[in-house]
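What follows is one structure encoded as structure tokens, with my remarks underneath.
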Amino acid sequence: MIGQAKGRNPGMPLDMGWVRATTVNRSATQRRVGSLVARRSVKKAWQAAWLLRAITLIDLTTLTGDDTPGKVRRLCAKARQPLREDLIDTLEAQSLGIMVGAVCVYHARVKEAIGALLGSGIPVAAVSTGFPAGQSAYAQRIEEIHQSVEAGADEIDIVISREHALRGDWRRLYDEVREMRAACGDAHMKAILATGELGPLWTVARASKVCMMAGADFIKTSTGKEPVNATLEVGLTMTREIRAYEELTGCQVGFKPAGGIRSAKDAVNWMILMKEELGDDWLDKRLFRFGASGLLTDIERQLSHHASGRYAARHHMPMA
Amino acid sequence: MPQTSELFHTMTYGPAPESADAAEAWLDSHNRQFDLFINNAWTPPADGDYLLAANPAREQPLARVADASPADIDSAVCAARNAFASWSALRPHQRARHLYAIARNIQKHARLLAVVESIDNGKPIRESRDIDVPLAARHFYHHAGWAQLLESELRDYQPLGVVGQVIPWNFPLLMLAWKIAPALAMGNTVVIKPAPYTPLSALLFAEIIAEAGLPAGVVNIVTGGDAAGAELVAHDDLDKVAFTGSTAVGRQIRRVTAGTGIKLTLELGGKSPVVVYDDADMDGAVEGLVDAIFFNQGEVCCAGSRLLVQENIAEAFLARLKRRMSHLRLGDALDKGIDIGAVVDPSQRGAIDSWVQRGISEGATVFQPSLDLPAQGCFYPPTLLTGLEAAATTAQEEIFGPVLVAMSFRTPGEAIELANNTRYGLAASVWSENISLALETARAIKAGSVWINSTNLFDAAAGFGGYRESGFGREGGKEGLFAYLRPRWQKRARPELGDAPANWGVHTPPAPTTMLSSDSSGGAKEVALDRTAKLYIGGAQKRPDGNYTRAVLSATGELLGQVGDGNRKDIRNAVEAAHKAKDWAYYSPHNRAQILYYIAENLSARLDEFACRITDMTGVAEAAGRGEVELSIERLFHWAALADKAGGSIQETNTRGLVAAIHEPVGVIGIACPNEAPLLAFVSLVAPAIARGNTVVCIPSQHFPLCATDFYQVLDTSDLPAGVVNIITGDRDHLVNTLVEHDDVDSVWYFGDAEGSRQVEARSRHNIKRTWVNYGMTRNWSDAQQGAGEEFLRESVEVKNIWVPTGF
């Protein structure tokens, strides 16, 4: 069962000893990931249930240069009704009120998204702070958060300065993220590490620690724009840090893998990782999200197969 | 089936069963009864007896399999013998094709093999499917390669003949592959007996090899109980016995085959340590422990069953481990979502539980997570015992189940000491992110496989096998091939043995010679200055403890001198000295080479004296005496040359990273020299041993010991550290007996008679010591192959495979 919701992560003073003591062994991580997905499997009704749950964990995303109000409206319509009605009926899932976890857009599209989602309860997330590279002027990055919050975004996905992580300047990274969290106010902050640009797994682990100590509500793998996106190895590394942080502070920090998660099978594997490493609390949108765009269609197809016994065509699923 | 909407809230896993339909259909096609596979034909057992094979997870019978009688064993051996001539005469390439075909056919039937293995043994289908079967196929592929390379890589060797193999129930198919693949590749034929609990995959394998076109008689598979196994290993028409199983049974087999000239390799038990340093990736190490002790229900000979965790992180580490253990899932072997399957048999579960109870009585705190155990079936929960120290029996003995004993240490030195504080030496696992610390620890732990930041990694290209009471011989890698080969020059020893004398090894008292003085000069002839040869222990000349001497006569019966009559205590002291000198192993190879060259130099300086001594003792012509000394000098050069050129190799496994096969010294080696070529044989045996870093206790030629006692003056002047070579003269067999029964001697080489060879092999069983004996057959020491072949090198080293996965 999903545990009782706890309060937001307030953060804590930077503990450099804890950061420095971080060790991650790549081959051991690989081996765990290999056995994790090989030794757990969900079939039949269980699979359907897990995929329904997966839908509720999706931050349905569009983050491209050609996003327009029209595109965002279509996306939001899909977010409100992620499954075809006949599928909902066959699966007897009417009472579950299946909707996606959030809609994630650039700042410029926040207003349209809010309008399109009005009354649905689906939060709007805005990427911020010079997304995806985080190389714009610092003051401008902070201002960007203020603007998105003012525009009504419920969640802010910030990108960290990779520079500080790569140079081991953890104090500066901590101070920046801390200030970004302050700028977010009541909006929840997801800190994007851009793990594909951080090098070894221990840098990922250290950056995770620093962002959590600075008060991130979620830590997120990638912008989706790096050459390597969310891998299970990075995911395992970050979830273990989340667990360690909970042991240290009692605070639960959320996790969001993003980029490259396209198939229902991928989604289930990520959920297995959450369940095994962090527990069932992290199978809830409060603490776990997928950053994805195409994933939903594949989940729909698999659920259609479950409902009908026939393999489904992509064009039978309404577009996002 | 529960409602999807309900499952949406509970988010449980649910069952994920693998179908057993094909396996059941296969069993049905045999009417659930299997005969013996002899000469590629199903042959009913002579006595008509059958055993029951059962599914331990469901407590259901699966099939009846033949219980081979002595007559059946005999006909299987006979079939293998008949097939040997044509099989061994095949071109290696033809044999390579056969092994390749077997590998391919294993893959074609991979899923059926996996399902059969899981229902018979209880192991999770994920393991049989992803580990056991792929590794078995890989073993045949790898050895198809060795068959292909026989003429280029192993041209100085020949097959042994007929091999009898007995395998255990924990990895039935994989152990079969480990046994059969190298045997066939090297040109031998096989009779193999699967374990009574788990015969089915071997019987399916029988059909697979027949389908692959393997000639009749090359592999014969005889199912049966322990009696059938005992019958097989005692069969006198075998050339080799290979056994994997318990140390107790290994001991019995060592006694049964002793002295027969039948080659033996044993892969036995373990109590392997997992060392976790405070800089380890703790979560990674926790998973490593799951792989180490809960893999295959802990029914693994190399299971990491002794956790040694650094004291400053012990509490945090055990907390994480317990948390992880409470996430394990137990269940039916065919469920794809389980971590731990069924224990093989209720008797084994009983044995595991009685060990846990014993642990409790020894003061252990038991942790068993509250997991859902299936209502039916033979299951045992994952178990952690804390609060035990090294002194507890539970911390010393193999449990062979999912039971981990945890202890702590303070420093690396203490970790190594604790890791080595065991009668076993099969495997170890070391967790640290500090490469110097991890590798040094791996070097120092006495075990055949050491996994750094990993555990239970296997590959056909890396040898697997034990130190100490975990057995001898390797399976896999090039090092494993020699278990199935003999040097080309060497004939199979078939010693004529009578009843063992009751008094073998009992000390024969020396007596003064009864010869009268032959000096008729009335004392006018100048008397040579008396030189008393003493024992050489710890770099010093020592009077024998008993203060007796033995006369040494010349070829013409004249008294040449006297040597000390060593006794048990002298051997004890020599072994102590050899242990004290173990730093020798850490001398640089260059340094060891230089000292061997120096010995050669000093021997050369005294060439005339040694030649004269040989001539006086043995009566050979002067030129022959000189020749022997010159050849001895050459031998010293040979092994000095190899002191820095035979340290090991890199194995090409499926693991990303490095797997280094390191040739470590065996330790303390007892060497009994033959009577032939008294100086050359002595040098030929001692030089390779010390070149590779061993320390030795040497018993020189019984009849002609004086050139060995003269030799210690050469050693004294050659910078050889004290205790590296110790020389004890006296009643050879008595001294050898003391050495072979000494638990702190790692290997005994015996070049004497057939009876002595039998006694050495039989008595070595107490600590499963390595032995190298000649079964009373002399060899031509001046021949390069016979006197300095690779055999000498192999006997001087233990192959340790250190696995170092890499990555960032």
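A note on labels: chains of the structure tokens are A, B, ... as shown, every chain counts residues from 1, and ligands are counted from 1 in their shown order.
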Residues of chain A within 9 Å of chain B, using only C-alpha atoms, as a compact mmCIF listing (two decimals) with all heavy atoms, in the first residue's frame?
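Result file is selection.txt:
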```txt
# COMPACT_ATOMS: atom_id res chain seq x y z
N MET A 1 0.84 -1.20 0.00
CA MET A 1 0.00 0.00 0.00
C MET A 1 0.87 1.25 0.00
O MET A 1 1.99 1.27 0.50
CB MET A 1 -0.90 0.02 1.24
CG MET A 1 -1.96 -1.08 1.26
SD MET A 1 -3.10 -1.00 -0.13
CE MET A 1 -4.00 0.50 0.24
N ILE A 2 0.33 2.26 -0.55
CA ILE A 2 1.07 3.52 -0.59
C ILE A 2 1.12 4.11 0.82
O ILE A 2 0.12 4.17 1.53
CB ILE A 2 0.38 4.51 -1.54
CG1 ILE A 2 0.18 3.88 -2.91
CG2 ILE A 2 1.14 5.82 -1.63
CD1 ILE A 2 1.43 3.43 -3.59
N ALA A 21 32.44 10.67 0.97
CA ALA A 21 32.50 9.24 1.30
C ALA A 21 31.79 8.36 0.27
O ALA A 21 31.81 7.14 0.37
CB ALA A 21 31.89 9.00 2.68
N THR A 22 31.20 9.00 -0.74
CA THR A 22 30.40 8.24 -1.71
C THR A 22 31.26 7.27 -2.53
O THR A 22 32.29 7.67 -3.08
CB THR A 22 29.74 9.23 -2.69
OG1 THR A 22 29.05 10.20 -1.93
CG2 THR A 22 28.78 8.52 -3.63
N THR A 23 30.87 6.01 -2.59
CA THR A 23 31.52 5.07 -3.50
C THR A 23 30.45 4.35 -4.31
O THR A 23 29.41 3.97 -3.78
CB THR A 23 32.36 4.02 -2.74
OG1 THR A 23 31.54 3.42 -1.75
CG2 THR A 23 33.58 4.61 -2.11
N VAL A 24 30.72 4.21 -5.57
CA VAL A 24 29.81 3.43 -6.43
C VAL A 24 30.68 2.56 -7.32
O VAL A 24 31.63 3.04 -7.93
CB VAL A 24 28.96 4.35 -7.34
CG1 VAL A 24 27.98 3.50 -8.14
CG2 VAL A 24 28.20 5.37 -6.51
N ASN A 25 30.38 1.31 -7.35
CA ASN A 25 31.13 0.41 -8.22
C ASN A 25 30.31 0.08 -9.45
O ASN A 25 29.20 -0.43 -9.36
CB ASN A 25 31.49 -0.88 -7.46
CG ASN A 25 32.38 -1.78 -8.27
OD1 ASN A 25 31.90 -2.58 -9.05
ND2 ASN A 25 33.67 -1.63 -8.10
N ARG A 26 30.86 0.40 -10.61
CA ARG A 26 30.10 0.26 -11.85
C ARG A 26 29.70 -1.20 -12.12
O ARG A 26 28.55 -1.48 -12.42
CB ARG A 26 30.92 0.81 -13.02
CG ARG A 26 30.45 0.41 -14.39
CD ARG A 26 29.13 1.06 -14.82
NE ARG A 26 29.31 2.46 -15.16
CZ ARG A 26 28.38 3.21 -15.77
NH1 ARG A 26 27.22 2.69 -16.10
NH2 ARG A 26 28.63 4.47 -16.01
N SER A 27 30.65 -2.11 -12.01
CA SER A 27 30.30 -3.49 -12.41
C SER A 27 29.28 -4.09 -11.46
O SER A 27 28.39 -4.84 -11.86
CB SER A 27 31.55 -4.35 -12.51
OG SER A 27 32.13 -4.51 -11.24
N ALA A 28 29.40 -3.75 -10.17
CA ALA A 28 28.41 -4.26 -9.21
C ALA A 28 27.04 -3.65 -9.50
O ALA A 28 26.01 -4.32 -9.36
CB ALA A 28 28.85 -3.93 -7.78
N THR A 29 27.04 -2.40 -9.92
CA THR A 29 25.78 -1.74 -10.27
C THR A 29 25.16 -2.42 -11.49
O THR A 29 23.97 -2.72 -11.52
CB THR A 29 26.03 -0.25 -10.57
OG1 THR A 29 26.72 0.32 -9.46
CG2 THR A 29 24.74 0.49 -10.80
N ARG A 31 25.61 -5.45 -12.47
CA ARG A 31 25.15 -6.79 -12.13
C ARG A 31 23.79 -6.72 -11.43
O ARG A 31 22.90 -7.52 -11.69
CB ARG A 31 26.19 -7.47 -11.26
CG ARG A 31 26.03 -8.98 -11.18
CD ARG A 31 27.34 -9.59 -10.69
NE ARG A 31 27.13 -10.85 -10.01
CZ ARG A 31 27.28 -12.03 -10.58
NH1 ARG A 31 27.59 -12.14 -11.84
NH2 ARG A 31 27.11 -13.14 -9.88
N ARG A 32 23.64 -5.77 -10.54
CA ARG A 32 22.37 -5.63 -9.83
C ARG A 32 21.25 -5.27 -10.80
O ARG A 32 20.15 -5.82 -10.74
CB ARG A 32 22.50 -4.57 -8.75
CG ARG A 32 21.19 -4.17 -8.09
CD ARG A 32 20.48 -5.34 -7.44
NE ARG A 32 19.29 -4.93 -6.68
CZ ARG A 32 18.26 -5.72 -6.44
NH1 ARG A 32 18.25 -6.96 -6.90
NH2 ARG A 32 17.24 -5.29 -5.73
N ALA A 38 15.78 -9.19 -14.44
CA ALA A 38 15.64 -10.59 -14.85
C ALA A 38 14.89 -11.41 -13.82
O ALA A 38 14.31 -12.44 -14.13
CB ALA A 38 17.02 -11.20 -15.10
N ARG A 39 14.89 -10.97 -12.58
CA ARG A 39 14.31 -11.79 -11.52
C ARG A 39 12.93 -11.33 -11.07
O ARG A 39 12.40 -11.85 -10.09
CB ARG A 39 15.25 -11.82 -10.30
CG ARG A 39 16.43 -12.73 -10.48
CD ARG A 39 17.27 -12.72 -9.22
NE ARG A 39 18.49 -13.48 -9.37
CZ ARG A 39 18.60 -14.77 -9.09
NH1 ARG A 39 17.55 -15.45 -8.67
NH2 ARG A 39 19.76 -15.39 -9.23
N ARG A 40 12.40 -10.32 -11.73
CA ARG A 40 11.05 -9.89 -11.39
C ARG A 40 10.27 -9.78 -12.68
O ARG A 40 10.79 -9.34 -13.71
CB ARG A 40 11.06 -8.53 -10.68
CG ARG A 40 11.70 -8.55 -9.30
CD ARG A 40 10.88 -9.32 -8.28
NE ARG A 40 11.51 -9.31 -6.97
CZ ARG A 40 12.36 -10.24 -6.53
NH1 ARG A 40 12.67 -11.28 -7.31
NH2 ARG A 40 12.89 -10.15 -5.33
N SER A 41 9.02 -10.15 -12.59
CA SER A 41 8.21 -10.17 -13.79
C SER A 41 6.76 -9.98 -13.38
O SER A 41 6.34 -10.52 -12.35
CB SER A 41 8.42 -11.55 -14.45
OG SER A 41 7.88 -11.56 -15.73
N VAL A 42 6.02 -9.19 -14.14
CA VAL A 42 4.58 -9.09 -13.87
C VAL A 42 3.82 -9.51 -15.10
O VAL A 42 4.14 -9.10 -16.22
CB VAL A 42 4.15 -7.68 -13.41
CG1 VAL A 42 4.48 -7.48 -11.94
CG2 VAL A 42 4.78 -6.59 -14.25
N LYS A 43 2.84 -10.36 -14.91
CA LYS A 43 2.10 -10.94 -16.01
C LYS A 43 0.60 -10.72 -15.83
O LYS A 43 0.12 -10.49 -14.73
CB LYS A 43 2.36 -12.46 -16.07
CG LYS A 43 3.82 -12.83 -16.28
CD LYS A 43 4.28 -12.49 -17.69
CE LYS A 43 5.75 -12.83 -17.89
NZ LYS A 43 6.34 -12.08 -19.00
N LYS A 44 -0.11 -10.83 -16.94
CA LYS A 44 -1.58 -10.87 -16.96
C LYS A 44 -2.19 -9.68 -16.19
O LYS A 44 -1.82 -8.54 -16.43
CB LYS A 44 -2.06 -12.22 -16.43
CG LYS A 44 -1.56 -13.39 -17.28
CD LYS A 44 -2.28 -14.65 -16.93
CE LYS A 44 -2.14 -15.76 -17.92
NZ LYS A 44 -1.03 -16.17 -18.56
N ALA A 45 -3.13 -9.97 -15.28
CA ALA A 45 -3.83 -8.89 -14.59
C ALA A 45 -2.86 -7.98 -13.86
O ALA A 45 -3.07 -6.76 -13.76
CB ALA A 45 -4.85 -9.47 -13.62
N TRP A 46 -1.82 -8.57 -13.33
CA TRP A 46 -0.82 -7.77 -12.60
C TRP A 46 -0.14 -6.79 -13.55
O TRP A 46 0.08 -5.64 -13.23
CB TRP A 46 0.21 -8.70 -11.94
CG TRP A 46 -0.33 -9.39 -10.73
CD1 TRP A 46 -0.27 -8.96 -9.44
CD2 TRP A 46 -1.07 -10.62 -10.70
NE1 TRP A 46 -0.89 -9.85 -8.60
CE2 TRP A 46 -1.39 -10.88 -9.33
CE3 TRP A 46 -1.47 -11.54 -11.66
CZ2 TRP A 46 -2.10 -12.01 -8.94
CZ3 TRP A 46 -2.17 -12.67 -11.27
CH2 TRP A 46 -2.49 -12.90 -9.91
N GLN A 47 0.15 -7.29 -14.73
CA GLN A 47 0.80 -6.44 -15.72
C GLN A 47 -0.12 -5.26 -16.09
O GLN A 47 0.31 -4.11 -16.15
CB GLN A 47 1.14 -7.25 -16.96
CG GLN A 47 2.01 -6.51 -17.94
CD GLN A 47 2.31 -7.37 -19.16
OE1 GLN A 47 1.40 -7.92 -19.77
NE2 GLN A 47 3.58 -7.50 -19.48
N ALA A 48 -1.39 -5.57 -16.29
CA ALA A 48 -2.34 -4.52 -16.64
C ALA A 48 -2.41 -3.47 -15.53
O ALA A 48 -2.39 -2.26 -15.78
CB ALA A 48 -3.71 -5.13 -16.89
N ALA A 49 -2.45 -3.97 -14.29
CA ALA A 49 -2.52 -3.04 -13.16
C ALA A 49 -1.28 -2.16 -13.09
O ALA A 49 -1.36 -0.95 -12.86
CB ALA A 49 -2.67 -3.83 -11.86
N TRP A 50 -0.12 -2.78 -13.31
CA TRP A 50 1.13 -2.01 -13.27
C TRP A 50 1.17 -0.97 -14.39
O TRP A 50 1.66 0.14 -14.20
CB TRP A 50 2.34 -2.96 -13.39
CG TRP A 50 2.71 -3.62 -12.10
CD1 TRP A 50 1.91 -4.40 -11.31
CD2 TRP A 50 3.98 -3.55 -11.45
NE1 TRP A 50 2.61 -4.82 -10.21
CE2 TRP A 50 3.88 -4.34 -10.26
CE3 TRP A 50 5.20 -2.94 -11.73
CZ2 TRP A 50 4.94 -4.50 -9.38
CZ3 TRP A 50 6.26 -3.10 -10.86
CH2 TRP A 50 6.13 -3.88 -9.68
N LEU A 51 0.63 -1.33 -15.54
CA LEU A 51 0.68 -0.37 -16.66
C LEU A 51 -0.31 0.78 -16.43
O LEU A 51 -0.02 1.92 -16.79
CB LEU A 51 0.40 -1.10 -17.98
CG LEU A 51 1.52 -2.06 -18.40
CD1 LEU A 51 1.15 -2.78 -19.68
CD2 LEU A 51 2.86 -1.32 -18.56
N LEU A 52 -1.46 0.45 -15.83
CA LEU A 52 -2.38 1.53 -15.47
C LEU A 52 -1.70 2.48 -14.49
O LEU A 52 -1.79 3.71 -14.60
CB LEU A 52 -3.66 0.96 -14.84
CG LEU A 52 -4.62 0.27 -15.82
CD1 LEU A 52 -5.74 -0.45 -15.06
CD2 LEU A 52 -5.22 1.29 -16.79
N ARG A 53 -1.02 1.88 -13.54
CA ARG A 53 -0.31 2.71 -12.58
C ARG A 53 0.77 3.54 -13.27
O ARG A 53 0.97 4.72 -12.96
CB ARG A 53 0.29 1.83 -11.48
CG ARG A 53 1.08 2.57 -10.42
CD ARG A 53 0.22 3.58 -9.64
NE ARG A 53 -0.63 2.95 -8.65
CZ ARG A 53 -0.25 2.65 -7.40
NH1 ARG A 53 0.96 2.94 -7.01
NH2 ARG A 53 -1.09 2.08 -6.57
N LEU A 91 -11.19 -2.98 -19.08
CA LEU A 91 -10.31 -3.24 -17.93
C LEU A 91 -11.01 -2.96 -16.60
O LEU A 91 -10.42 -3.16 -15.54
CB LEU A 91 -9.04 -2.37 -18.03
CG LEU A 91 -8.12 -2.67 -19.22
CD1 LEU A 91 -7.09 -1.56 -19.40
CD2 LEU A 91 -7.41 -4.01 -19.01
N GLU A 92 -12.25 -2.51 -16.67
CA GLU A 92 -13.03 -2.16 -15.48
C GLU A 92 -12.24 -1.21 -14.58
O GLU A 92 -12.12 -1.40 -13.37
CB GLU A 92 -13.43 -3.43 -14.70
CG GLU A 92 -14.40 -4.29 -15.51
CD GLU A 92 -14.73 -5.61 -14.84
OE1 GLU A 92 -14.09 -5.93 -13.81
OE2 GLU A 92 -15.61 -6.30 -15.35
N ALA A 93 -11.68 -0.21 -15.22
CA ALA A 93 -10.83 0.73 -14.50
C ALA A 93 -11.46 2.10 -14.36
O ALA A 93 -10.78 3.08 -14.05
CB ALA A 93 -9.49 0.85 -15.23
N GLN A 94 -12.79 2.17 -14.55
CA GLN A 94 -13.47 3.47 -14.51
C GLN A 94 -13.24 4.19 -13.19
O GLN A 94 -12.98 5.40 -13.15
CB GLN A 94 -14.99 3.32 -14.74
CG GLN A 94 -15.39 2.67 -16.05
CD GLN A 94 -15.51 1.16 -15.94
OE1 GLN A 94 -14.92 0.54 -15.03
NE2 GLN A 94 -16.23 0.55 -16.86
N SER A 95 -13.32 3.40 -12.11
CA SER A 95 -13.25 4.02 -10.79
C SER A 95 -11.86 4.56 -10.47
O SER A 95 -11.68 5.30 -9.51
CB SER A 95 -13.62 2.98 -9.73
OG SER A 95 -12.64 1.96 -9.73
N LEU A 96 -10.88 4.18 -11.27
CA LEU A 96 -9.50 4.56 -10.94
C LEU A 96 -9.17 5.98 -11.38
O LEU A 96 -8.19 6.56 -10.91
CB LEU A 96 -8.51 3.57 -11.56
CG LEU A 96 -8.71 2.11 -11.14
CD1 LEU A 96 -7.72 1.21 -11.87
CD2 LEU A 96 -8.55 1.95 -9.64
N GLY A 199 29.76 11.96 -16.36
CA GLY A 199 30.87 11.01 -16.27
C GLY A 199 30.54 9.88 -15.33
O GLY A 199 29.45 9.31 -15.39
N PRO A 200 31.47 9.52 -14.43
CA PRO A 200 31.32 8.30 -13.63
C PRO A 200 30.10 8.32 -12.72
O PRO A 200 29.58 9.37 -12.35
CB PRO A 200 32.60 8.25 -12.79
CG PRO A 200 33.43 9.39 -13.17
CD PRO A 200 32.72 10.25 -14.14
N LEU A 201 29.68 7.14 -12.33
CA LEU A 201 28.49 7.00 -11.50
C LEU A 201 28.65 7.69 -10.15
O LEU A 201 27.68 8.17 -9.58
CB LEU A 201 28.17 5.52 -11.27
CG LEU A 201 27.60 4.76 -12.47
CD1 LEU A 201 27.39 3.28 -12.12
CD2 LEU A 201 26.27 5.38 -12.91
N TRP A 202 29.88 7.77 -9.65
CA TRP A 202 30.02 8.40 -8.32
C TRP A 202 29.78 9.90 -8.39
O TRP A 202 29.35 10.50 -7.42
CB TRP A 202 31.34 8.04 -7.64
CG TRP A 202 32.57 8.20 -8.49
CD1 TRP A 202 33.29 9.32 -8.67
CD2 TRP A 202 33.20 7.17 -9.25
NE1 TRP A 202 34.34 9.07 -9.51
CE2 TRP A 202 34.33 7.77 -9.87
CE3 TRP A 202 32.96 5.82 -9.46
CZ2 TRP A 202 35.19 7.05 -10.71
CZ3 TRP A 202 33.81 5.10 -10.29
CH2 TRP A 202 34.90 5.71 -10.90
N ARG A 240 19.51 4.66 -4.81
CA ARG A 240 20.23 4.29 -3.59
C ARG A 240 20.59 5.53 -2.76
O ARG A 240 20.59 5.49 -1.53
CB ARG A 240 21.48 3.49 -3.94
CG ARG A 240 21.16 2.06 -4.31
CD ARG A 240 22.37 1.35 -4.86
NE ARG A 240 22.15 -0.09 -4.91
CZ ARG A 240 23.00 -0.94 -5.47
NH1 ARG A 240 24.13 -0.48 -6.01
NH2 ARG A 240 22.75 -2.23 -5.48
N GLU A 276 11.74 -2.43 -5.58
CA GLU A 276 12.78 -3.22 -4.90
C GLU A 276 13.70 -2.34 -4.06
O GLU A 276 14.09 -2.70 -2.96
CB GLU A 276 13.61 -3.99 -5.92
CG GLU A 276 12.85 -5.12 -6.60
CD GLU A 276 12.48 -6.23 -5.63
OE1 GLU A 276 13.32 -6.60 -4.79
OE2 GLU A 276 11.34 -6.74 -5.72
N GLU A 277 14.11 -1.23 -4.63
CA GLU A 277 15.15 -0.44 -3.95
C GLU A 277 14.57 0.55 -2.95
O GLU A 277 15.21 0.87 -1.95
CB GLU A 277 16.01 0.30 -4.98
CG GLU A 277 16.88 -0.64 -5.82
CD GLU A 277 18.02 -1.27 -5.02
OE1 GLU A 277 18.56 -0.63 -4.11
OE2 GLU A 277 18.37 -2.43 -5.32
N ASP A 280 7.14 0.57 -2.01
CA ASP A 280 5.92 0.90 -2.74
C ASP A 280 5.59 2.39 -2.71
O ASP A 280 4.86 2.87 -3.57
CB ASP A 280 4.74 0.10 -2.18
CG ASP A 280 4.82 -1.36 -2.59
OD1 ASP A 280 5.76 -1.70 -3.36
OD2 ASP A 280 3.99 -2.16 -2.14
N LEU A 283 5.97 4.07 -5.91
CA LEU A 283 5.16 3.71 -7.08
C LEU A 283 3.99 4.68 -7.19
O LEU A 283 2.99 4.40 -7.84
CB LEU A 283 4.66 2.26 -6.94
CG LEU A 283 5.77 1.20 -7.01
CD1 LEU A 283 5.19 -0.19 -6.80
CD2 LEU A 283 6.50 1.27 -8.35
```
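Assigned to strand (DSSP E or B) in range 51-161 of chain A, given DSSP computed from backbone atoms, are A:Ile58, A:Asp59, A:Leu60, A:Thr61, A:Ala102, A:Val103, A:Cys104, A:Val105, A:Val124, A:Ala125, A:Ala126, A:Val127, A:Glu155, A:Ile156, A:Asp157, A:Ile158, A:Val159.
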Which neighbours of range 187-201 of chain B fall inside 8 Å, counting only C-alpha atoms, when residues of the same chain fewer than 6 positions from it are skipped, and could you give them as a tab-separated table (two decimals) with C-alpha atoms, in the first residue's frame?
```tsv
chain	number	residue	atom	x	y	z
B	51	LEU	CA	15.45	-44.74	-8.08
B	53	ALA	CA	13.64	-38.46	-9.09
B	54	ALA	CA	11.37	-35.82	-7.56
B	65	VAL	CA	15.84	-43.69	-13.17
B	76	ALA	CA	29.81	-48.69	-19.18
B	77	VAL	CA	33.56	-48.61	-18.51
B	80	ALA	CA	34.22	-46.25	-22.94
B	81	ARG	CA	37.35	-48.38	-23.20
B	83	ALA	CA	35.46	-46.28	-27.85
B	84	PHE	CA	38.76	-44.80	-26.66
B	87	TRP	CA	37.99	-41.40	-30.38
B	88	SER	CA	41.54	-40.60	-29.35
B	89	ALA	CA	42.75	-41.35	-32.86
B	95	ARG	CA	36.81	-33.82	-32.14
B	113	LEU	CA	17.23	-28.22	-20.35
B	116	VAL	CA	14.13	-29.95	-16.59
B	117	GLU	CA	16.98	-28.72	-14.40
B	120	ASP	CA	14.49	-31.67	-10.78
B	121	ASN	CA	16.68	-29.52	-8.55
B	158	GLN	CA	48.43	-37.40	-24.88
B	159	PRO	CA	44.99	-38.31	-23.55
B	160	LEU	CA	44.71	-40.39	-20.42
B	161	GLY	CA	42.14	-42.95	-21.55
B	162	VAL	CA	38.88	-43.72	-19.78
B	163	VAL	CA	37.65	-41.21	-17.23
B	164	GLY	CA	35.20	-41.94	-14.41
B	165	GLN	CA	33.35	-38.85	-13.23
B	166	VAL	CA	31.00	-38.31	-10.32
B	167	ILE	CA	29.09	-35.05	-10.07
B	168	PRO	CA	26.89	-33.36	-7.46
B	169	TRP	CA	23.28	-32.25	-7.43
B	172	PRO	CA	23.77	-31.01	-12.42
B	173	LEU	CA	24.15	-29.95	-16.05
B	176	LEU	CA	28.48	-32.41	-16.23
B	180	ILE	CA	32.82	-33.92	-20.00
B	217	GLY	CA	30.69	-45.19	-26.10
B	218	VAL	CA	32.47	-41.83	-25.94
B	219	VAL	CA	30.12	-40.62	-23.22
B	220	ASN	CA	28.28	-43.11	-21.05
B	221	ILE	CA	25.85	-41.88	-18.44
B	222	VAL	CA	25.06	-44.16	-15.55
B	223	THR	CA	22.56	-43.05	-12.98
B	224	GLY	CA	22.52	-44.53	-9.53
B	225	GLY	CA	22.99	-44.01	-5.84
B	226	ASP	CA	26.11	-43.57	-3.75
B	228	ALA	CA	27.10	-46.88	-7.89
B	229	GLY	CA	29.40	-43.91	-7.46
B	344	VAL	CA	17.08	-30.12	-3.21
B	345	ASP	CA	15.67	-32.60	-0.70
B	484	TYR	CA	42.94	-34.91	-18.73
```
Query - CA of Ala153 in chain A to CA of Ala77 in chain A, straight-line distance in Å - result: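 It comes out at 17.7 Å.
Considering the residues A:Val253, A:Ala267, A:Ala258, A:Met99 and counting only C-alpha atoms, Gly7 in chain A has its shortest atom-to-atom contact with A:Val253.
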Query raised in the report: From the list A:Pro82, A:Gly152, A:Gly134, A:Gly34, which residue is nearest Ala320 in chain A when using only C-alpha atoms?
Result: A:Pro82
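Distances from B:Asn39, B:Arg129, B:Ile102, B:Gln396 to Ala216 in chain B were compared using only C-alpha atoms, and the smallest one belongs to B:Asn39.
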